[in-house]
Amino acid sequence: MTLEDLRKLRESKKSEIEKRNSEGKDVEIIIGMGTCGIAAGAKESLDSFIDAVDKHGLSNVTVKQTGCMGLCYVEPTVEVKVPGMPDTIYGKVDAAVAAQIVEDHIVNKALVNNHIFDKPAADIIKE
Amino acid sequence: MHAAVSDFIVDCLQNSVEAKASEILLEVDQTETSIAVLIKDNGCGMSCGELEKALDPFFTDGVKHVHRKVGLGLPFLKQAIELAEGLFDIQSVKGEGTELRFTFNLEHFDSPPPGRLDKAFLQVLMFSGDYNLTIVRKCSTGDFSDQWELSRGELIEILGSLENSRSLVMARDFIRNQEDSMKRQEKTDG
């Protein structure tokens with residue numbers, strides 16, 4: 001693949017039908033890629049997030065890496081910010097949980113309760 | 001500390017980004033028996049005294065990570081290389097930048113494996129900041145030798161922001177394609 005091929009691929013993808021977030025603001029996925037995260041498999045989680053977002057055809061999602069969030073005991077950790085939902089920090093996010101987060105939290109606007117490690121508010125967590 | 005050479009690369013490259021470099025060069029030259037890495041940046045650089053302290057695990061400048069009490073990246077890299085009898089060299093000029101070179105002998109028992117370089121290349125492109133990064137990736141086995149190059153600035157120009165997941169998918173696939181096409185030539189050669 002040359003850079004020209006990449007440019008053409010990008011142009012062709014632009015014309016595909018895209019699902020947009022209702023408010024038009026970006027969804028943010030911030031993955032902890034400190035040494036603790038990497039040791040726990042955060043690189044695989046990153047791949048899984050990129051794949052899942054691509055699979056669902058989402059276009060307004062930003063994916064960033066950050067350092068250790070201080071939740072080393074439940075790495076990999078990910079902060080998910082979806083406009084209209086509480087900012088949530090998830091823990092023990094392996095590749096499968098990453099896919100689940102994209103499907104449940106980002107697409108269906110439902111928290112993945114059993115992986116929340118920074119509770120947005122006690123009353124919205126269902127036991 | 002790190003499981004693979006690829007992890008050391010991401011760690012040290014992060015130092016260049018945190019040194020506010022606008023131009024970073026990453027060269028990875030791999031043979032069947034060795035992997036040589038060059039990370040050169042035009043960041044804030046270090047004086048002789050600071051460079052000596054940078055190799056001390058108990059030192060960090062207190063500015064870039066305010067709550068940290070240790071700076072482990074370089075000391076652990078140096079230790080890993082010493083244990084595996086590789087090569088390590090770091091030069092820096094305050095106000096001009098830093099040049100870090102290291103080589104691991106992959107046949108040495110204590111050497112870490114190369115690791116997933118394709119993932120490392122994506123990670124080093126994903127740091128926040130306005131830095132141009134040039135990746136020069138070389139591979140040689142026996143008579144065959146190949147390389148590919150990539151510039152972060154060009155990639156952003158073609159794909160848009162590398163924070164966007166769509167750009168990341170394409171960047172990731174592009175890098176994997178570059179890596180795979182090198183390996184394919186390897187197999188068909190002789």
# chains A, B, ... in the order shown; residues from 1 in each chain; ligands from 1
$ residues_around --residues "Arg68 (chain B)" --least-positions-apart "5" --cutoff "12 Å" --atoms "only C-alpha atoms" --output "PyMOL selection string"
(chain A and resi 68+70) or (chain B and resi 57-63)
$ interface_residues --of "chain A" --to "chain B" --cutoff "8 Å" --atoms "only C-alpha atoms" --output "PDB file with C-alpha atoms, in the first residue's frame"
ATOM      1  CA  MET A   1       0.000   0.000   0.000  1.00  0.00           C
ATOM      2  CA  LEU A   6      -4.218   5.260   1.546  1.00  0.00           C
ATOM      3  CA  ARG A   7      -5.431   8.653   0.350  1.00  0.00           C
ATOM      4  CA  ARG A  10      -9.788   7.505   2.834  1.00  0.00           C
ATOM      5  CA  THR A  35       2.975   0.254  32.433  1.00  0.00           C
ATOM      6  CA  LYS A  43      -2.802  -2.927  23.915  1.00  0.00           C
ATOM      7  CA  ILE A  50     -10.786   0.362  17.340  1.00  0.00           C
ATOM      8  CA  ASP A  51     -12.304  -2.787  15.785  1.00  0.00           C
ATOM      9  CA  VAL A  53     -16.073   1.187  16.732  1.00  0.00           C
ATOM     10  CA  ASP A  54     -15.244   0.392  13.112  1.00  0.00           C
ATOM     11  CA  SER A  59     -17.545   8.071  12.899  1.00  0.00           C
ATOM     12  CA  ASN A  60     -17.399  10.610  15.703  1.00  0.00           C
ATOM     13  CA  VAL A  61     -15.397   8.632  18.227  1.00  0.00           C
ATOM     14  CA  THR A  62     -11.987   9.748  19.449  1.00  0.00           C
ATOM     15  CA  VAL A  63      -9.624   7.231  20.991  1.00  0.00           C
ATOM     16  CA  LYS A  64      -6.794   8.484  23.135  1.00  0.00           C
ATOM     17  CA  GLN A  65      -4.187   6.941  25.359  1.00  0.00           C
TER      18      GLN A  65
END
$ atom_distance --atom1 "CA of Gln147 (chain B)" --atom2 "CA of Thr98 (chain B)"
24.2 Å
$ select_by_dssp --residues "region 2-127 of chain A" --states "strand (DSSP E)" --output "list of chain:residue names"
A:Val27, A:Glu28, A:Ile29, A:Ile30, A:Ile31, A:Gly32, A:Val61, A:Thr62, A:Val63, A:Lys64, A:Gln65, A:Thr66, A:Val78, A:Glu79, A:Val80, A:Lys81, A:Thr88, A:Ile89, A:Tyr90, A:Ile116, A:Phe117, A:Asp118
$ residues_around --residues "Val102 (chain A)" --least-positions-apart "4" --cutoff "7 Å" --atoms "only C-alpha atoms" --output "list in words"
Ala52, Val53, Ala98, Ile106 and Val107 of chain A
$ write_last_selection --atoms "C-alpha atoms" --output "JSON list (two decimals), in the first residue's frame"
[["chain", "number", "residue", "atom", "x", "y", "z"],
["A", 52, "ALA", "CA", -15.64, -2.50, 17.60],
["A", 53, "VAL", "CA", -16.07, 1.19, 16.73],
["A", 98, "ALA", "CA", -14.09, -3.44, 25.24],
["A", 106, "ILE", "CA", -21.72, 3.85, 23.27],
["A", 107, "VAL", "CA", -24.32, 2.45, 20.88]]
$ decode --residues "region 26-59 of chain A" --atoms "N, CA, C and O atoms" --output "PDB file, in the first residue's frame"
ATOM      1  N   ASP A  26     -18.363  14.603  19.934  1.00  0.00           N
ATOM      2  CA  ASP A  26     -17.565  13.384  19.882  1.00  0.00           C
ATOM      3  C   ASP A  26     -17.706  12.518  21.122  1.00  0.00           C
ATOM      4  O   ASP A  26     -17.801  13.007  22.238  1.00  0.00           O
ATOM      5  N   VAL A  27     -17.680  11.214  20.890  1.00  0.00           N
ATOM      6  CA  VAL A  27     -17.578  10.249  21.972  1.00  0.00           C
ATOM      7  C   VAL A  27     -16.093  10.084  22.244  1.00  0.00           C
ATOM      8  O   VAL A  27     -15.297  10.021  21.308  1.00  0.00           O
ATOM      9  N   GLU A  28     -15.691  10.062  23.527  1.00  0.00           N
ATOM     10  CA  GLU A  28     -14.277   9.898  23.837  1.00  0.00           C
ATOM     11  C   GLU A  28     -14.013   8.588  24.555  1.00  0.00           C
ATOM     12  O   GLU A  28     -14.698   8.254  25.534  1.00  0.00           O
ATOM     13  N   ILE A  29     -13.020   7.872  24.066  1.00  0.00           N
ATOM     14  CA  ILE A  29     -12.570   6.656  24.735  1.00  0.00           C
ATOM     15  C   ILE A  29     -11.124   6.909  25.121  1.00  0.00           C
ATOM     16  O   ILE A  29     -10.273   7.119  24.258  1.00  0.00           O
ATOM     17  N   ILE A  30     -10.850   6.915  26.425  1.00  0.00           N
ATOM     18  CA  ILE A  30      -9.499   7.210  26.886  1.00  0.00           C
ATOM     19  C   ILE A  30      -8.967   5.979  27.600  1.00  0.00           C
ATOM     20  O   ILE A  30      -9.479   5.592  28.659  1.00  0.00           O
ATOM     21  N   ILE A  31      -7.951   5.380  27.009  1.00  0.00           N
ATOM     22  CA  ILE A  31      -7.450   4.104  27.511  1.00  0.00           C
ATOM     23  C   ILE A  31      -6.174   4.303  28.309  1.00  0.00           C
ATOM     24  O   ILE A  31      -5.258   4.984  27.861  1.00  0.00           O
ATOM     25  N   GLY A  32      -6.124   3.728  29.489  1.00  0.00           N
ATOM     26  CA  GLY A  32      -4.935   3.810  30.326  1.00  0.00           C
ATOM     27  C   GLY A  32      -3.836   2.924  29.746  1.00  0.00           C
ATOM     28  O   GLY A  32      -3.966   1.704  29.736  1.00  0.00           O
ATOM     29  N   MET A  33      -2.754   3.552  29.239  1.00  0.00           N
ATOM     30  CA  MET A  33      -1.660   2.780  28.642  1.00  0.00           C
ATOM     31  C   MET A  33      -0.367   3.008  29.413  1.00  0.00           C
ATOM     32  O   MET A  33       0.712   3.125  28.835  1.00  0.00           O
ATOM     33  N   GLY A  34      -0.498   3.096  30.727  1.00  0.00           N
ATOM     34  CA  GLY A  34       0.709   3.142  31.552  1.00  0.00           C
ATOM     35  C   GLY A  34       1.264   1.722  31.635  1.00  0.00           C
ATOM     36  O   GLY A  34       0.701   0.785  31.079  1.00  0.00           O
ATOM     37  N   THR A  35       2.359   1.572  32.347  1.00  0.00           N
ATOM     38  CA  THR A  35       2.975   0.254  32.433  1.00  0.00           C
ATOM     39  C   THR A  35       2.026  -0.773  33.030  1.00  0.00           C
ATOM     40  O   THR A  35       1.988  -1.935  32.607  1.00  0.00           O
ATOM     41  N   CYS A  36       1.221  -0.354  34.027  1.00  0.00           N
ATOM     42  CA  CYS A  36       0.269  -1.276  34.638  1.00  0.00           C
ATOM     43  C   CYS A  36      -0.774  -1.720  33.620  1.00  0.00           C
ATOM     44  O   CYS A  36      -1.132  -2.913  33.550  1.00  0.00           O
ATOM     45  N   GLY A  37      -1.235  -0.771  32.833  1.00  0.00           N
ATOM     46  CA  GLY A  37      -2.233  -1.088  31.811  1.00  0.00           C
ATOM     47  C   GLY A  37      -1.686  -2.051  30.768  1.00  0.00           C
ATOM     48  O   GLY A  37      -2.321  -3.044  30.412  1.00  0.00           O
ATOM     49  N   ILE A  38      -0.490  -1.715  30.287  1.00  0.00           N
ATOM     50  CA  ILE A  38       0.134  -2.554  29.254  1.00  0.00           C
ATOM     51  C   ILE A  38       0.336  -3.964  29.786  1.00  0.00           C
ATOM     52  O   ILE A  38       0.068  -4.959  29.099  1.00  0.00           O
ATOM     53  N   ALA A  39       0.800  -4.064  31.029  1.00  0.00           N
ATOM     54  CA  ALA A  39       1.039  -5.393  31.611  1.00  0.00           C
ATOM     55  C   ALA A  39      -0.264  -6.190  31.687  1.00  0.00           C
ATOM     56  O   ALA A  39      -0.258  -7.411  31.559  1.00  0.00           O
ATOM     57  N   ALA A  40      -1.379  -5.479  31.870  1.00  0.00           N
ATOM     58  CA  ALA A  40      -2.669  -6.166  31.998  1.00  0.00           C
ATOM     59  C   ALA A  40      -3.335  -6.412  30.647  1.00  0.00           C
ATOM     60  O   ALA A  40      -4.389  -7.036  30.585  1.00  0.00           O
ATOM     61  N   GLY A  41      -2.736  -5.912  29.578  1.00  0.00           N
ATOM     62  CA  GLY A  41      -3.291  -6.187  28.252  1.00  0.00           C
ATOM     63  C   GLY A  41      -4.001  -5.025  27.585  1.00  0.00           C
ATOM     64  O   GLY A  41      -4.844  -5.226  26.711  1.00  0.00           O
ATOM     65  N   ALA A  42      -3.645  -3.794  27.969  1.00  0.00           N
ATOM     66  CA  ALA A  42      -4.336  -2.630  27.402  1.00  0.00           C
ATOM     67  C   ALA A  42      -4.142  -2.499  25.895  1.00  0.00           C
ATOM     68  O   ALA A  42      -4.984  -1.940  25.197  1.00  0.00           O
ATOM     69  N   LYS A  43      -3.035  -3.024  25.367  1.00  0.00           N
ATOM     70  CA  LYS A  43      -2.802  -2.927  23.915  1.00  0.00           C
ATOM     71  C   LYS A  43      -3.867  -3.702  23.155  1.00  0.00           C
ATOM     72  O   LYS A  43      -4.319  -3.284  22.088  1.00  0.00           O
ATOM     73  N   GLU A  44      -4.245  -4.868  23.707  1.00  0.00           N
ATOM     74  CA  GLU A  44      -5.278  -5.678  23.061  1.00  0.00           C
ATOM     75  C   GLU A  44      -6.636  -4.979  23.178  1.00  0.00           C
ATOM     76  O   GLU A  44      -7.474  -5.041  22.287  1.00  0.00           O
ATOM     77  N   SER A  45      -6.854  -4.304  24.314  1.00  0.00           N
ATOM     78  CA  SER A  45      -8.109  -3.574  24.506  1.00  0.00           C
ATOM     79  C   SER A  45      -8.202  -2.435  23.498  1.00  0.00           C
ATOM     80  O   SER A  45      -9.266  -2.171  22.936  1.00  0.00           O
ATOM     81  N   LEU A  46      -7.081  -1.759  23.277  1.00  0.00           N
ATOM     82  CA  LEU A  46      -7.057  -0.657  22.297  1.00  0.00           C
ATOM     83  C   LEU A  46      -7.475  -1.171  20.927  1.00  0.00           C
ATOM     84  O   LEU A  46      -8.341  -0.610  20.273  1.00  0.00           O
ATOM     85  N   ASP A  47      -6.875  -2.291  20.519  1.00  0.00           N
ATOM     86  CA  ASP A  47      -7.216  -2.906  19.231  1.00  0.00           C
ATOM     87  C   ASP A  47      -8.700  -3.237  19.174  1.00  0.00           C
ATOM     88  O   ASP A  47      -9.372  -3.015  18.172  1.00  0.00           O
ATOM     89  N   SER A  48      -9.197  -3.804  20.263  1.00  0.00           N
ATOM     90  CA  SER A  48     -10.589  -4.223  20.316  1.00  0.00           C
ATOM     91  C   SER A  48     -11.532  -3.026  20.209  1.00  0.00           C
ATOM     92  O   SER A  48     -12.558  -3.090  19.517  1.00  0.00           O
ATOM     93  N   PHE A  49     -11.191  -1.919  20.859  1.00  0.00           N
ATOM     94  CA  PHE A  49     -12.021  -0.709  20.764  1.00  0.00           C
ATOM     95  C   PHE A  49     -12.045  -0.196  19.333  1.00  0.00           C
ATOM     96  O   PHE A  49     -13.100   0.141  18.791  1.00  0.00           O
ATOM     97  N   ILE A  50     -10.862  -0.128  18.722  1.00  0.00           N
ATOM     98  CA  ILE A  50     -10.786   0.362  17.340  1.00  0.00           C
ATOM     99  C   ILE A  50     -11.628  -0.529  16.424  1.00  0.00           C
ATOM    100  O   ILE A  50     -12.404  -0.043  15.595  1.00  0.00           O
ATOM    101  N   ASP A  51     -11.523  -1.852  16.607  1.00  0.00           N
ATOM    102  CA  ASP A  51     -12.304  -2.787  15.785  1.00  0.00           C
ATOM    103  C   ASP A  51     -13.794  -2.618  16.005  1.00  0.00           C
ATOM    104  O   ASP A  51     -14.578  -2.576  15.058  1.00  0.00           O
ATOM    105  N   ALA A  52     -14.208  -2.562  17.276  1.00  0.00           N
ATOM    106  CA  ALA A  52     -15.639  -2.497  17.598  1.00  0.00           C
ATOM    107  C   ALA A  52     -16.257  -1.203  17.070  1.00  0.00           C
ATOM    108  O   ALA A  52     -17.363  -1.215  16.511  1.00  0.00           O
ATOM    109  N   VAL A  53     -15.549  -0.101  17.225  1.00  0.00           N
ATOM    110  CA  VAL A  53     -16.073   1.187  16.732  1.00  0.00           C
ATOM    111  C   VAL A  53     -16.201   1.135  15.213  1.00  0.00           C
ATOM    112  O   VAL A  53     -17.188   1.600  14.635  1.00  0.00           O
ATOM    113  N   ASP A  54     -15.218   0.525  14.572  1.00  0.00           N
ATOM    114  CA  ASP A  54     -15.244   0.392  13.112  1.00  0.00           C
ATOM    115  C   ASP A  54     -16.401  -0.494  12.685  1.00  0.00           C
ATOM    116  O   ASP A  54     -17.132  -0.194  11.746  1.00  0.00           O
ATOM    117  N   LYS A  55     -16.587  -1.606  13.404  1.00  0.00           N
ATOM    118  CA  LYS A  55     -17.638  -2.571  13.087  1.00  0.00           C
ATOM    119  C   LYS A  55     -19.016  -1.926  13.159  1.00  0.00           C
ATOM    120  O   LYS A  55     -19.879  -2.200  12.338  1.00  0.00           O
ATOM    121  N   HIS A  56     -19.209  -1.041  14.156  1.00  0.00           N
ATOM    122  CA  HIS A  56     -20.512  -0.391  14.299  1.00  0.00           C
ATOM    123  C   HIS A  56     -20.662   0.826  13.400  1.00  0.00           C
ATOM    124  O   HIS A  56     -21.694   1.497  13.434  1.00  0.00           O
ATOM    125  N   GLY A  57     -19.642   1.110  12.610  1.00  0.00           N
ATOM    126  CA  GLY A  57     -19.741   2.219  11.660  1.00  0.00           C
ATOM    127  C   GLY A  57     -19.811   3.586  12.311  1.00  0.00           C
ATOM    128  O   GLY A  57     -20.346   4.534  11.743  1.00  0.00           O
ATOM    129  N   LEU A  58     -19.258   3.724  13.523  1.00  0.00           N
ATOM    130  CA  LEU A  58     -19.315   5.015  14.215  1.00  0.00           C
ATOM    131  C   LEU A  58     -18.210   5.920  13.687  1.00  0.00           C
ATOM    132  O   LEU A  58     -17.091   5.493  13.458  1.00  0.00           O
ATOM    133  N   SER A  59     -18.549   7.189  13.495  1.00  0.00           N
ATOM    134  CA  SER A  59     -17.545   8.071  12.899  1.00  0.00           C
ATOM    135  C   SER A  59     -17.031   9.148  13.817  1.00  0.00           C
ATOM    136  O   SER A  59     -15.971   9.695  13.605  1.00  0.00           O
TER     137      SER A  59
END
